[in-house]
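Accompanying notes for the structure given below.
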Amino acid sequence: MTKIALAVLVVSLRFGAVFAAPMTNEDRQHLIAHLEMTESWLNDEVSGLSPAQLNFRYASGKWTILEVVEHLTIAEPKYWADLQKDVKLPPAQPKQHITDADMLWYGIDRSEKQKTSPSEEPKDKLTDVHEGLASLRKLRAEMLEYARTTNDDLRAHAYPEWDVDCYLALLGTSTHMQRHILQIREIKAQPGYPK
């Protein structure tokens with residue numbers, strides 16, 4: 001190896017973040033499509049519902065549709081803020097290996113229900129579903145603008161909150177919404193749901 005090649009290698013390793021690779025076009029398109037899809041699905045599922053439908057609770061301890069939307073208005077801004085912080089840290093890889101397919105499967109497989117953290121529980125503060133949807137639309141617009149324009153190497157930065165890389169964290173925010181869209185559909189399918 002020549003001295004010049006060795007010097008370039010040392011500089012590249014030492015200052016890798018400066019020369020980080022942007023998202024691939026394929027990753028970018030997949031991410032944008034999923035973010036757009038889940039935003040549209042959520043709007044379609046809840047925007048025309050009556051107060052009785054939004055506040056229907058089919059069993060003690062189960063969320064209403066309005067509470068699901070409120071949870072999203074609490075959780076998604078937190079995930080976004082964490083990602084913006086984490087992508088600015090030095091490159092690092094998560095300890096576990098999660099694939100894109102694993103993250104996509106998380107969005108559609110509700111066979112294992114998960115309990116959310118207390119900080120993300122609905123607080124009965126959201127009374128107007130349209131306010132919640134507007135808040136989520138505004139946040140999703142920020143995420144989409146970032147996904148469309150960033151040159152950050154999201155695969156090279158860890159998102160320690162979920163032990164995944166930052167690309168999977170942004171995709172995971174969308175699949176998290178997808179899980180809750182499926183939860184809304186489960187609520188609508190319950191006996192006694194107002195028609």
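Ordering of the structure tokens sets the chain letters (A, B, ...), residue numbers begin anew at 1 in every chain, and ligands are numbered from 1 in the order given.
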Spatial neighbours of A:Lys188, max dist 10 Å, only C-alpha atoms, sep filter under 5 positions, as a list of chain:residue names: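 Listing them by chain and then by number gives A:Glu45, A:Gln53, A:Leu54, A:Phe56, A:Tyr58, A:Thr64, A:Ile65, A:Leu182, A:Gln183, A:Tyr193, A:Pro194, A:Lys195.
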DSSP helix (DSSP H, G or I) selection over chain A, as number ranges by chain: A: 3-14, 25-46, 51-54, 65-86, 100-108, 118-120, 129-149, 154-156, 166-188
For A:Ala52, the nearest of the candidates A:Ala81, A:Asp102, A:Leu66, A:Glu36, counting only C-alpha atoms: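 Comparing A:Ala81, A:Asp102, A:Leu66, A:Glu36 against A:Ala52, the winner is A:Leu66.
Reported to one decimal place, the separation of atom CA of A:Leu171 from atom CA of A:Pro91 is 18.6 Å.
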Spatial neighbours of stretch 107-116 of chain A, 6 Å, only C-alpha atoms, chain gap at least 5 places, as a PyMOL selection string: chain A and resi 175-176+178-179
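Considering the residues A:Tyr146, A:Ser47, A:Trp41, A:His97 and counting only C-alpha atoms, A:Ala134 has its shortest atom-to-atom contact with A:Ser47.
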Backbone DSSP call of strand (DSSP E) for stretch 7-174 of chain A, listed as a ChimeraX atom specification: /A:158-159,164-165
Emit the selected residues as a PDB file, in the first residue's frame, including C-alpha atoms.
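The resulting file, again_1.pdb, is shown below:
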ATOM      1  CA  ALA A 158     -27.474   3.917  16.132  1.00  0.00           C
ATOM      2  CA  TYR A 159     -30.855   4.684  17.629  1.00  0.00           C
ATOM      3  CA  VAL A 164     -31.607  -0.270  15.756  1.00  0.00           C
ATOM      4  CA  ASP A 165     -29.959   2.047  13.242  1.00  0.00           C
TER       5      ASP A 165
END
Contact residues around A:Leu133 with only C-alpha atoms at 10 Å, ignoring same-chain residues under 5 positions, as a PyMOL selection string: chain A and resi 39+42-43+46-47+69-70+72-73+128+138-139
Suppose we keep C-alpha atoms; can you now write the selection as a PDB file, in the first residue's frame?
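Dumped everything to selection30.pdb:
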ATOM      1  CA  GLU A  39     -50.268   8.767   7.195  1.00  0.00           C
ATOM      2  CA  LEU A  42     -54.624   6.699   9.569  1.00  0.00           C
ATOM      3  CA  ASN A  43     -56.527   9.622   8.089  1.00  0.00           C
ATOM      4  CA  VAL A  46     -60.486   7.933  11.653  1.00  0.00           C
ATOM      5  CA  SER A  47     -61.378  11.220   9.943  1.00  0.00           C
ATOM      6  CA  VAL A  69     -54.620   8.760  18.092  1.00  0.00           C
ATOM      7  CA  GLU A  70     -53.589  10.583  21.267  1.00  0.00           C
ATOM      8  CA  LEU A  72     -49.521   8.610  18.405  1.00  0.00           C
ATOM      9  CA  THR A  73     -49.447  12.370  19.072  1.00  0.00           C
ATOM     10  CA  ASP A 128     -60.740  16.596  18.897  1.00  0.00           C
ATOM     11  CA  LYS A 138     -47.452  18.408  10.424  1.00  0.00           C
ATOM     12  CA  LEU A 139     -44.939  16.087  12.079  1.00  0.00           C
TER      13      LEU A 139
END
Between atom CA of A:Thr173 and atom CA of A:Glu161 - distance in Å to one decimal: 12.1 Å
